$ cat coords_11.cif   # mmCIF, C-alpha atoms
data_structure
#
loop_
_atom_site.group_PDB
_atom_site.id
_atom_site.type_symbol
_atom_site.label_atom_id
_atom_site.label_comp_id
_atom_site.auth_asym_id
_atom_site.auth_seq_id
_atom_site.Cartn_x
_atom_site.Cartn_y
_atom_site.Cartn_z
ATOM 1 C CA MET A 910 91.267 77.223 99.216
ATOM 2 C CA SER A 911 88.433 74.936 100.340
ATOM 3 C CA PHE A 912 89.094 71.518 101.826
ATOM 4 C CA SER A 913 87.334 69.976 98.813
ATOM 5 C CA SER A 914 89.727 71.762 96.426
ATOM 6 C CA GLU A 915 92.714 70.584 98.473
ATOM 7 C CA VAL A 916 91.494 66.997 98.154
ATOM 8 C CA LYS A 917 91.047 67.329 94.378
ATOM 9 C CA ASN A 918 94.505 68.850 93.972
ATOM 10 C CA GLU A 919 96.010 65.895 95.837
ATOM 11 C CA LEU A 920 94.057 63.448 93.664
ATOM 12 C CA LEU A 921 95.306 65.171 90.499
ATOM 13 C CA ASN A 922 98.885 64.603 91.667
ATOM 14 C CA THR A 923 98.360 60.901 92.418
ATOM 15 C CA GLU A 924 100.452 58.459 90.378
ATOM 16 C CA ASN A 925 98.444 56.135 88.101
ATOM 17 C CA ASN A 926 99.311 52.795 86.552
ATOM 18 C CA PRO A 927 98.322 52.582 82.849
ATOM 19 C CA CYS A 928 95.196 50.578 83.730
ATOM 20 C CA CYS A 929 94.329 53.057 86.489
ATOM 21 C CA LYS A 930 94.827 56.012 84.186
ATOM 22 C CA HIS A 931 92.226 54.521 81.865
ATOM 23 C CA ALA A 932 89.795 53.966 84.765
ATOM 24 C CA MET A 933 90.290 57.444 86.237
ATOM 25 C CA ASN A 934 89.804 59.195 82.878
ATOM 26 C CA TYR A 935 86.713 57.085 82.268
ATOM 27 C CA GLY A 936 85.332 58.160 85.664
ATOM 28 C CA ILE A 937 85.944 61.862 84.941
ATOM 29 C CA LEU A 938 84.115 61.711 81.612
ATOM 30 C CA LEU A 939 81.250 59.452 82.742
ATOM 31 C CA PHE A 940 80.394 61.646 85.731
ATOM 32 C CA GLY A 941 80.698 64.913 83.830
ATOM 33 C CA ARG A 942 77.805 67.194 83.032
ATOM 34 C CA ALA A 943 76.891 65.428 79.763
ATOM 35 C CA PHE A 944 77.929 62.015 78.436
ATOM 36 C CA SER A 945 76.074 60.948 75.297
ATOM 37 C CA ALA A 946 76.480 60.023 71.651
ATOM 38 C CA THR A 947 75.971 63.661 70.673
ATOM 39 C CA GLU A 948 77.775 65.688 73.310
ATOM 40 C CA PHE A 949 80.206 65.675 76.214
ATOM 41 C CA SER A 950 80.327 68.651 78.588
ATOM 42 C CA PHE A 951 81.769 69.690 81.919
ATOM 43 C CA LEU A 952 81.519 72.747 84.192
ATOM 44 C CA THR A 953 83.651 73.537 87.242
ATOM 45 C CA GLU A 954 85.135 76.353 89.295
ATOM 46 C CA ASN A 955 88.484 74.519 89.503
ATOM 47 C CA SER A 956 90.794 75.197 86.538
ATOM 48 C CA ALA A 957 92.984 72.166 87.321
ATOM 49 C CA VAL A 958 89.978 69.845 87.298
ATOM 50 C CA ALA A 959 88.777 71.377 84.016
ATOM 51 C CA GLU A 960 92.189 70.645 82.524
ATOM 52 C CA ALA A 961 91.977 67.063 83.878
ATOM 53 C CA TYR A 962 88.649 66.644 82.041
ATOM 54 C CA CYS A 963 90.277 67.901 78.816
ATOM 55 C CA GLU A 964 93.182 65.507 79.368
ATOM 56 C CA ALA A 965 90.726 62.614 79.796
ATOM 57 C CA PHE A 966 89.021 63.584 76.539
ATOM 58 C CA ARG A 967 92.386 63.739 74.751
ATOM 59 C CA TYR A 968 93.369 60.365 76.243
ATOM 60 C CA PHE A 969 90.460 58.566 74.568
ATOM 61 C CA SER A 970 89.896 60.648 71.413
ATOM 62 C CA ASP A 971 93.315 62.069 70.478
ATOM 63 C CA THR A 972 91.473 65.383 70.062
ATOM 64 C CA GLU A 973 92.940 68.616 71.401
ATOM 65 C CA ILE A 974 90.489 70.654 73.477
ATOM 66 C CA SER A 975 90.723 73.373 76.114
ATOM 67 C CA PRO A 976 88.319 74.800 78.710
ATOM 68 C CA VAL A 977 86.551 78.109 78.143
ATOM 69 C CA VAL A 978 86.008 80.636 80.926
ATOM 70 C CA THR A 979 82.338 81.593 81.277
ATOM 71 C CA ALA A 980 80.981 85.038 82.154
ATOM 72 C CA GLY A 981 80.507 83.787 85.717
ATOM 73 C CA GLY A 982 84.181 82.836 86.025
ATOM 74 C CA LYS A 983 83.677 79.071 85.738
ATOM 75 C CA TYR A 984 85.522 76.703 83.414
ATOM 76 C CA LYS A 985 83.416 75.021 80.737
ATOM 77 C CA VAL A 986 84.277 72.215 78.342
ATOM 78 C CA HIS A 987 81.840 71.284 75.578
ATOM 79 C CA ILE A 988 82.372 68.817 72.721
ATOM 80 C CA ASP A 989 79.897 67.823 70.038
ATOM 81 C CA ASP A 990 82.330 66.411 67.444
ATOM 82 C CA ARG A 991 80.793 63.026 66.569
ATOM 83 C CA ASP A 992 84.042 61.395 65.425
ATOM 84 C CA SER A 993 85.838 62.230 68.679
ATOM 85 C CA ILE A 994 82.875 61.076 70.753
ATOM 86 C CA LYS A 995 82.680 57.806 68.767
ATOM 87 C CA LYS A 996 86.319 57.055 69.588
ATOM 88 C CA ILE A 997 85.649 57.567 73.297
ATOM 89 C CA LEU A 998 82.592 55.340 73.242
ATOM 90 C CA GLU A 999 84.463 52.579 71.440
ATOM 91 C CA LYS A 1000 87.443 52.730 73.820
ATOM 92 C CA THR A 1001 85.150 52.538 76.856
ATOM 93 C CA GLY A 1002 83.168 49.602 75.423
ATOM 94 C CA LEU A 1003 80.048 51.487 74.324
ATOM 95 C CA SER A 1004 78.246 51.929 71.033
ATOM 96 C CA ASP A 1005 76.895 55.226 69.782
ATOM 97 C CA GLY A 1006 73.495 53.670 69.103
ATOM 98 C CA GLN A 1007 71.907 53.626 72.526
ATOM 99 C CA ILE A 1008 73.998 54.728 75.449
ATOM 100 C CA LYS A 1009 72.841 53.874 78.910
ATOM 101 C CA ARG A 1010 74.687 56.107 81.308
ATOM 102 C CA ARG A 1011 75.846 53.246 83.507
ATOM 103 C CA VAL A 1012 79.267 52.026 84.628
ATOM 104 C CA ASN A 1013 80.871 49.540 82.242
ATOM 105 C CA PHE A 1014 82.835 47.320 84.618
ATOM 106 C CA ALA A 1015 84.892 45.964 81.707
ATOM 107 C CA ASN A 1016 86.990 49.125 82.040
ATOM 108 C CA PHE A 1017 88.481 47.811 85.323
ATOM 109 C CA PRO A 1018 90.852 44.950 84.478
ATOM 110 C CA ASN A 1019 92.543 45.066 87.909
ATOM 111 C CA PRO A 1020 91.330 45.679 91.483
ATOM 112 C CA CYS A 1021 93.362 48.908 91.694
ATOM 113 C CA CYS A 1022 91.255 50.360 88.866
ATOM 114 C CA PHE A 1023 88.203 50.718 91.102
ATOM 115 C CA SER A 1024 90.017 53.217 93.334
ATOM 116 C CA ALA A 1025 91.161 55.157 90.272
ATOM 117 C CA PHE A 1026 87.618 55.216 88.874
ATOM 118 C CA ILE A 1027 86.249 56.579 92.172
ATOM 119 C CA ARG A 1028 89.031 59.168 92.052
ATOM 120 C CA GLY A 1029 87.876 60.285 88.594
ATOM 121 C CA ALA A 1030 84.226 60.341 89.658
ATOM 122 C CA PHE A 1031 85.039 62.510 92.668
ATOM 123 C CA LEU A 1032 87.037 64.935 90.520
ATOM 124 C CA ALA A 1033 84.027 65.280 88.242
ATOM 125 C CA CYS A 1034 81.139 65.481 90.691
ATOM 126 C CA GLY A 1035 82.384 65.117 94.277
ATOM 127 C CA THR A 1036 82.646 67.493 97.207
ATOM 128 C CA VAL A 1037 83.741 67.096 100.817
ATOM 129 C CA THR A 1038 83.059 69.531 103.657
ATOM 130 C CA ASN A 1039 85.774 70.904 105.926
ATOM 131 C CA PRO A 1040 85.793 68.490 108.911
ATOM 132 C CA GLU A 1041 86.106 71.423 111.299
ATOM 133 C CA LYS A 1042 82.543 72.370 110.334
ATOM 134 C CA GLU A 1043 80.747 69.094 109.641
ATOM 135 C CA TYR A 1044 81.240 65.602 108.237
ATOM 136 C CA HIS A 1045 79.855 65.264 104.704
ATOM 137 C CA LEU A 1046 81.213 63.814 101.450
ATOM 138 C CA GLU A 1047 79.054 63.385 98.373
ATOM 139 C CA PHE A 1048 78.915 62.536 94.672
ATOM 140 C CA SER A 1049 76.277 64.569 92.814
ATOM 141 C CA VAL A 1050 75.143 62.222 90.043
ATOM 142 C CA SER A 1051 72.859 62.808 87.053
ATOM 143 C CA THR A 1052 71.053 59.439 87.001
ATOM 144 C CA LYS A 1053 69.800 56.901 89.501
ATOM 145 C CA GLY A 1054 71.558 54.136 87.575
ATOM 146 C CA LEU A 1055 74.973 55.741 88.049
ATOM 147 C CA CYS A 1056 74.198 56.153 91.764
ATOM 148 C CA GLU A 1057 73.412 52.461 92.065
ATOM 149 C CA ASP A 1058 76.602 51.565 90.204
ATOM 150 C CA ILE A 1059 78.896 53.648 92.393
ATOM 151 C CA ILE A 1060 77.207 52.250 95.501
ATOM 152 C CA LYS A 1061 77.866 48.761 94.119
ATOM 153 C CA ILE A 1062 81.566 49.648 93.811
ATOM 154 C CA PHE A 1063 81.672 50.850 97.419
ATOM 155 C CA ASP A 1064 80.165 47.510 98.470
ATOM 156 C CA GLU A 1065 83.648 46.100 97.863
ATOM 157 C CA TYR A 1066 84.995 48.392 100.595
ATOM 158 C CA ASP A 1067 83.961 49.234 104.169
ATOM 159 C CA PRO A 1068 82.285 52.659 103.678
ATOM 160 C CA SER A 1069 78.482 52.524 103.535
ATOM 161 C CA PRO A 1070 77.019 55.285 101.329
ATOM 162 C CA LYS A 1071 73.425 56.473 101.231
ATOM 163 C CA MET A 1072 71.474 57.802 98.290
ATOM 164 C CA THR A 1073 68.970 60.647 98.025
ATOM 165 C CA GLN A 1074 67.261 62.628 95.276
ATOM 166 C CA ARG A 1075 67.053 66.401 95.261
ATOM 167 C CA SER A 1076 66.373 69.059 92.616
ATOM 168 C CA GLY A 1077 66.139 66.530 89.803
ATOM 169 C CA SER A 1078 69.534 64.925 90.477
ATOM 170 C CA TYR A 1079 70.765 62.098 92.686
ATOM 171 C CA THR A 1080 73.353 62.153 95.427
ATOM 172 C CA VAL A 1081 75.475 59.420 96.944
ATOM 173 C CA TYR A 1082 76.706 60.665 100.289
ATOM 174 C CA PHE A 1083 78.573 59.801 103.481
ATOM 175 C CA LYS A 1084 77.960 61.429 106.878
ATOM 176 C CA ASN A 1085 79.994 59.097 109.078
ATOM 177 C CA SER A 1086 83.458 60.549 109.752
ATOM 178 C CA THR A 1087 85.194 57.146 109.622
ATOM 179 C CA ASP A 1088 83.561 56.376 106.265
ATOM 180 C CA ILE A 1089 84.755 59.720 104.871
ATOM 181 C CA GLU A 1090 88.322 59.033 106.073
ATOM 182 C CA ASP A 1091 88.168 55.669 104.294
ATOM 183 C CA VAL A 1092 86.772 57.138 101.072
ATOM 184 C CA LEU A 1093 89.547 59.740 100.961
ATOM 185 C CA ALA A 1094 92.151 57.012 101.489
ATOM 186 C CA ILE A 1095 90.555 54.730 98.860
ATOM 187 C CA MET A 1096 90.658 57.523 96.265
ATOM 188 C CA GLY A 1097 94.320 58.220 97.042
ATOM 189 C CA ALA A 1098 93.956 61.435 99.066
ATOM 190 C CA THR A 1099 96.133 60.034 101.852
ATOM 191 C CA GLU A 1100 97.418 63.355 103.175
ATOM 192 C CA ASN A 1101 93.940 64.857 103.350
ATOM 193 C CA SER A 1102 92.604 61.692 104.971
ATOM 194 C CA LEU A 1103 95.180 62.166 107.736
ATOM 195 C CA GLN A 1104 94.331 65.866 107.925
ATOM 196 C CA PHE A 1105 90.655 64.935 108.228
ATOM 197 C CA MET A 1106 91.469 62.526 111.063
ATOM 198 C CA GLY A 1107 93.514 65.187 112.844
ATOM 199 C CA ALA A 1108 90.746 67.774 112.518
ATOM 200 C CA LYS A 1109 88.235 65.254 113.857
ATOM 201 C CA VAL A 1110 90.429 64.462 116.879
ATOM 202 C CA PHE A 1111 90.893 68.186 117.585
ATOM 203 C CA LYS A 1112 87.147 68.782 117.214
ATOM 204 C CA ASP A 1113 86.340 65.898 119.572
ATOM 205 C CA ILE A 1114 88.816 67.185 122.173
ATOM 206 C CA ARG A 1115 87.434 70.727 121.870
ATOM 207 C CA ASN A 1116 83.869 69.457 122.266
ATOM 208 C CA THR A 1117 84.877 67.389 125.311
ATOM 209 C CA VAL A 1118 86.569 70.412 126.891
ATOM 210 C CA ASN A 1119 83.530 72.593 126.144
ATOM 211 C CA ARG A 1120 81.219 70.031 127.717
ATOM 212 C CA LYS A 1121 83.385 69.895 130.845
ATOM 213 C CA VAL A 1122 83.563 73.701 131.045
ATOM 214 C CA ASN A 1123 79.795 73.953 130.625
ATOM 215 C CA PHE A 1124 79.308 71.294 133.283
ATOM 216 C CA GLU A 1125 81.645 73.107 135.689
ATOM 217 C CA ASN A 1126 79.917 76.437 134.999
ATOM 218 C CA ALA A 1127 76.528 74.860 135.657
ATOM 219 C CA ASN A 1128 77.826 73.386 138.915
ATOM 220 C CA LEU A 1129 79.289 76.745 139.904
ATOM 221 C CA ALA A 1130 75.996 78.497 139.160
ATOM 222 C CA ARG A 1131 74.110 75.977 141.275
ATOM 223 C CA THR A 1132 76.657 76.359 144.110
ATOM 224 C CA ILE A 1133 76.368 80.166 144.055
ATOM 225 C CA ALA A 1134 72.562 80.006 144.025
ATOM 226 C CA ALA A 1135 72.522 77.554 146.934
ATOM 227 C CA ALA A 1136 75.011 79.659 148.929
ATOM 228 C CA ALA A 1137 72.865 82.768 148.383
ATOM 229 C CA LYS A 1138 69.769 81.003 149.754
ATOM 230 C CA GLN A 1139 71.757 79.718 152.717
ATOM 231 C CA TYR A 1140 73.048 83.234 153.447
ATOM 232 C CA GLU A 1141 69.532 84.717 153.244
ATOM 233 C CA ALA A 1142 68.219 82.092 155.678
ATOM 234 C CA ILE A 1143 71.082 82.696 158.130
ATOM 235 C CA ALA A 1144 70.672 86.489 157.883
ATOM 236 C CA LEU A 1145 66.981 86.085 158.694
ATOM 237 C CA ILE A 1146 67.757 83.925 161.731
ATOM 238 C CA LYS A 1147 70.390 86.441 162.895
ATOM 239 C CA GLU A 1148 67.892 89.289 162.586
ATOM 240 C CA LYS A 1149 64.923 87.519 164.176
ATOM 241 C CA ALA A 1150 66.505 85.369 166.894
ATOM 242 C CA GLY A 1151 70.297 85.646 166.717
ATOM 243 C CA LEU A 1152 72.679 82.920 165.623
ATOM 244 C CA ASP A 1153 73.167 81.849 169.272
ATOM 245 C CA SER A 1154 69.578 80.568 169.144
ATOM 246 C CA LEU A 1155 70.646 77.827 166.761
ATOM 247 C CA PRO A 1156 71.644 74.376 168.062
ATOM 248 C CA GLU A 1157 75.393 74.244 168.812
ATOM 249 C CA ASP A 1158 76.138 71.930 165.846
ATOM 250 C CA LEU A 1159 74.604 74.555 163.472
ATOM 251 C CA GLN A 1160 76.114 77.728 164.903
ATOM 252 C CA GLU A 1161 79.632 77.243 163.545
ATOM 253 C CA ILE A 1162 78.498 76.362 160.020
ATOM 254 C CA ALA A 1163 76.041 79.291 160.011
ATOM 255 C CA LYS A 1164 78.768 81.766 161.021
ATOM 256 C CA LEU A 1165 81.138 80.439 158.314
ATOM 257 C CA ARG A 1166 78.488 80.911 155.623
ATOM 258 C CA TYR A 1167 77.403 84.333 156.949
ATOM 259 C CA ASN A 1168 81.019 85.581 156.868
ATOM 260 C CA ASP A 1169 81.795 84.223 153.382
ATOM 261 C CA ARG A 1170 79.145 83.592 150.734
ATOM 262 C CA GLU A 1171 81.712 82.291 148.216
ATOM 263 C CA LEU A 1172 82.814 79.246 150.210
ATOM 264 C CA SER A 1173 81.766 75.907 148.728
ATOM 265 C CA ASN A 1174 80.227 73.261 150.963
ATOM 266 C CA SER A 1175 83.356 71.141 150.614
ATOM 267 C CA GLU A 1176 85.511 74.072 151.768
ATOM 268 C CA ILE A 1177 83.229 74.620 154.754
ATOM 269 C CA ALA A 1178 83.479 70.911 155.642
ATOM 270 C CA LYS A 1179 87.279 71.269 155.913
ATOM 271 C CA MET A 1180 87.033 74.413 158.084
ATOM 272 C CA LEU A 1181 84.737 72.986 160.772
ATOM 273 C CA SER A 1182 86.226 72.135 164.172
ATOM 274 C CA VAL A 1183 84.540 68.733 163.991
ATOM 275 C CA SER A 1184 85.248 66.811 160.797
ATOM 276 C CA ILE A 1185 82.128 65.960 158.787
ATOM 277 C CA THR A 1186 81.440 65.064 155.176
ATOM 278 C CA VAL A 1187 80.063 67.373 152.483
ATOM 279 C CA SER A 1188 76.834 65.419 152.759
ATOM 280 C CA GLY A 1189 76.813 66.266 156.461
ATOM 281 C CA VAL A 1190 77.267 69.971 155.638
ATOM 282 C CA ASN A 1191 74.342 69.799 153.204
ATOM 283 C CA HIS A 1192 72.194 68.162 155.880
ATOM 284 C CA ARG A 1193 73.000 70.927 158.421
ATOM 285 C CA PHE A 1194 72.169 73.659 155.928
ATOM 286 C CA LYS A 1195 68.818 71.981 155.274
ATOM 287 C CA ARG A 1196 68.107 72.154 159.007
ATOM 288 C CA ILE A 1197 69.054 75.851 159.027
ATOM 289 C CA MET A 1198 66.779 76.513 156.040
ATOM 290 C CA LYS A 1199 63.914 74.759 157.847
ATOM 291 C CA ILE A 1200 64.444 76.910 160.954
ATOM 292 C CA ALA A 1201 64.394 80.035 158.780
ATOM 293 C CA GLU A 1202 61.136 78.904 157.181
ATOM 294 C CA GLU A 1203 59.587 78.449 160.613
ATOM 295 C CA LEU A 1204 60.677 81.971 161.608
ATOM 296 C CA LYS A 1205 59.064 83.369 158.460
ATOM 297 C CA LYS A 1206 55.764 81.819 159.466
#
$ encode --input "coords_11.cif" --output "structure tokens"
Amino acid sequence: MSFSSEVKNELLNTENNPCCKHAMNYGILLFGRAFSATEFSFLTENSAVAEAYCEAFRYFSDTEISPVVTAGGKYKVHIDDRDSIKKILEKTGLSDGQIKRRVNFANFPNPCCFSAFIRGAFLACGTVTNPEKEYHLEFSVSTKGLCEDIIKIFDEYDPSPKMTQRSGSYTVYFKNSTDIEDVLAIMGATENSLQFMGAKVFKDIRNTVNRKVNFENANLARTIAAAAKQYEAIALIKEKAGLDSLPEDLQEIAKLRYNDRELSNSEIAKMLSVSITVSGVNHRFKRIMKIAEELKK
């Protein structure tokens, strides 16, 4: 089951006050596939959400309907009964003359109704990506007006949505992980909001660990490359002039590197008879490399 389906299942099991039930059912119908004086329709892959749409239609029209399974395995609800549609329009404060597909805020008598309405809208047209992959929650909306209305509702909360148009439809979306957590909590998907937070924390920790591992690997690669160059320089000096030709303060460090190419500079610093810093070790190797360059010439 997708994370989006898990969220919708939790929303379907959320308790509603009578006023909130009205607002949620209104949201499901308004954000469905069609909402007009001549037809209402809905299409989804989720059977429970299809049944919720039918329940919303029954709630306003007292008309019994059921979803139909399409050839592609989706659940479709289509109603063109004018009497049933007229009842819905009247109960949501609309006339069947000219319907503007906009939010009628008179359907929200109490502040809690806004959360319920968003819950219904998400059930009808919302999706949220698994936080382990990316952070994205959206409402795919049929008209620009509805987009503007739902953004206006979110203005009452902290999340800041953005709007875009693609393929003839409009989308209100959130990319910020904190905003998505808040939207899930506002709608009533508390458990999935916590799950989202947990997945985000795990992802952040994993990314931090990966960055540190990559950093350590890069350091190790640089250390190995440097040690190989140091060894080559010392081997050249040994072949051309002998290590005893080096100044006394370079002979010991040269022999340590020649005998063990895997030692780090910090390890060599600890093994020297005279205590020096890692920076001091680096400086001595630079002198050795310079001597080797002179011998090459």
$ resolve_selection --input "coords_11.cif" --expression "the PyMOL selection byres ((chain A and resi 1079) around 12)" --output "VMD selection string"
chain A and resid 940 1034 1047 to 1057 1059 1071 to 1078 1080 to 1082
$ residues_near_point --input "coords_11.cif" --point "(90.0, 58.5, 108.0)" --cutoff "10 Å" --atoms "all atoms listed in the file" --output "mmCIF file with C-alpha atoms, in the frame of the given file"
data_model
loop_
_atom_site.group_PDB
_atom_site.id
_atom_site.type_symbol
_atom_site.label_atom_id
_atom_site.label_comp_id
_atom_site.auth_asym_id
_atom_site.auth_seq_id
_atom_site.Cartn_x
_atom_site.Cartn_y
_atom_site.Cartn_z
ATOM 1 C CA SER A 1086 83.458 60.549 109.752
ATOM 2 C CA THR A 1087 85.194 57.146 109.622
ATOM 3 C CA ASP A 1088 83.561 56.376 106.265
ATOM 4 C CA ILE A 1089 84.755 59.720 104.871
ATOM 5 C CA GLU A 1090 88.322 59.033 106.073
ATOM 6 C CA ASP A 1091 88.168 55.669 104.294
ATOM 7 C CA VAL A 1092 86.772 57.138 101.072
ATOM 8 C CA LEU A 1093 89.547 59.740 100.961
ATOM 9 C CA ALA A 1094 92.151 57.012 101.489
ATOM 10 C CA ILE A 1095 90.555 54.730 98.860
ATOM 11 C CA THR A 1099 96.133 60.034 101.852
ATOM 12 C CA ASN A 1101 93.940 64.857 103.350
ATOM 13 C CA SER A 1102 92.604 61.692 104.971
ATOM 14 C CA LEU A 1103 95.180 62.166 107.736
ATOM 15 C CA GLN A 1104 94.331 65.866 107.925
ATOM 16 C CA PHE A 1105 90.655 64.935 108.228
ATOM 17 C CA MET A 1106 91.469 62.526 111.063
ATOM 18 C CA GLY A 1107 93.514 65.187 112.844
ATOM 19 C CA LYS A 1109 88.235 65.254 113.857
#
$ closest_residue --input "coords_11.cif" --among "A:Ile1162, A:Ile1197, A:Ala1025, A:Ile937" --to "Ser1184 of chain A" --atoms "all atoms listed in the file"
A:Ile1162
$ atom_distance --input "coords_11.cif" --atom1 "atom CA of Leu1152 of chain A" --atom2 "atom CA of Val1190 of chain A"
17.0 Å
$ resolve_selection --input "coords_11.cif" --expression "the PyMOL selection byres ((chain A and resi 1040-1043) around 7)" --output "VMD selection string"
chain A and resid 1038 to 1039 1044 to 1045 1105 1108 to 1109 1112
$ closest_residue --input "coords_11.cif" --among "A:Leu1159, A:Val958, A:Ala1127, A:Leu1204" --to "Leu921 of chain A" --atoms "all atoms listed in the file"
A:Val958
$ residues_near_point --input "coords_11.cif" --point "(74.9, 82.0, 146.6)" --cutoff "12 Å" --atoms "all atoms listed in the file" --output "ChimeraX atom specification"
/A:1128-1142,1166-1167,1169-1174
$ decode --input "coords_11.cif" --residues "segment 1049-1069 of chain A" --atoms "N, CA and C atoms" --output "CSV table (one decimal), in the first residue's frame"
chain,number,residue,atom,x,y,z
A,1049,SER,N,-4.7,18.1,-6.9
A,1049,SER,CA,-4.8,18.3,-8.3
A,1049,SER,C,-6.2,18.8,-8.5
A,1050,VAL,N,-6.4,20.0,-9.0
A,1050,VAL,CA,-7.6,20.7,-9.0
A,1050,VAL,C,-8.0,21.1,-10.4
A,1051,SER,N,-9.3,21.1,-10.7
A,1051,SER,CA,-9.8,21.3,-12.0
A,1051,SER,C,-9.8,22.8,-12.5
A,1052,THR,N,-10.0,23.7,-11.6
A,1052,THR,CA,-10.1,25.1,-11.9
A,1052,THR,C,-9.1,26.0,-11.1
A,1053,LYS,N,-8.7,27.1,-11.7
A,1053,LYS,CA,-7.9,28.0,-11.0
A,1053,LYS,C,-8.6,28.6,-9.8
A,1054,GLY,N,-9.9,28.8,-9.9
A,1054,GLY,CA,-10.6,29.4,-8.8
A,1054,GLY,C,-10.6,28.6,-7.6
A,1055,LEU,N,-10.8,27.2,-7.8
A,1055,LEU,CA,-10.7,26.3,-6.6
A,1055,LEU,C,-9.3,26.3,-6.0
A,1056,CYS,N,-8.3,26.4,-6.8
A,1056,CYS,CA,-6.9,26.5,-6.3
A,1056,CYS,C,-6.8,27.7,-5.4
A,1057,GLU,N,-7.3,28.9,-5.9
A,1057,GLU,CA,-7.1,30.1,-5.1
A,1057,GLU,C,-7.9,30.0,-3.8
A,1058,ASP,N,-9.1,29.3,-3.9
A,1058,ASP,CA,-9.9,29.2,-2.6
A,1058,ASP,C,-9.2,28.3,-1.6
A,1059,ILE,N,-8.6,27.2,-2.0
A,1059,ILE,CA,-7.9,26.3,-1.1
A,1059,ILE,C,-6.7,26.9,-0.5
A,1060,ILE,N,-6.0,27.7,-1.3
A,1060,ILE,CA,-4.8,28.5,-0.8
A,1060,ILE,C,-5.3,29.5,0.2
A,1061,LYS,N,-6.4,30.1,0.0
A,1061,LYS,CA,-7.0,31.1,0.9
A,1061,LYS,C,-7.3,30.4,2.3
A,1062,ILE,N,-7.7,29.2,2.2
A,1062,ILE,CA,-8.0,28.4,3.5
A,1062,ILE,C,-6.7,28.1,4.2
A,1063,PHE,N,-5.7,27.8,3.5
A,1063,PHE,CA,-4.4,27.5,4.1
A,1063,PHE,C,-3.7,28.7,4.7
A,1064,ASP,N,-4.2,29.9,4.2
A,1064,ASP,CA,-3.6,31.2,4.8
A,1064,ASP,C,-3.9,31.3,6.2
A,1065,GLU,N,-5.0,30.5,6.7
A,1065,GLU,CA,-5.3,30.6,8.1
A,1065,GLU,C,-4.4,29.7,8.9
A,1066,TYR,N,-3.6,28.9,8.3
A,1066,TYR,CA,-2.6,28.0,9.0
A,1066,TYR,C,-1.2,28.4,8.6
A,1067,ASP,N,-0.2,27.7,9.1
A,1067,ASP,CA,1.2,28.0,8.8
A,1067,ASP,C,1.7,27.5,7.4
A,1068,PRO,N,1.2,26.3,6.9
A,1068,PRO,CA,1.8,25.9,5.6
A,1068,PRO,C,1.6,26.9,4.5
A,1069,SER,N,2.6,27.0,3.7
A,1069,SER,CA,2.5,27.9,2.5
A,1069,SER,C,2.5,27.2,1.2
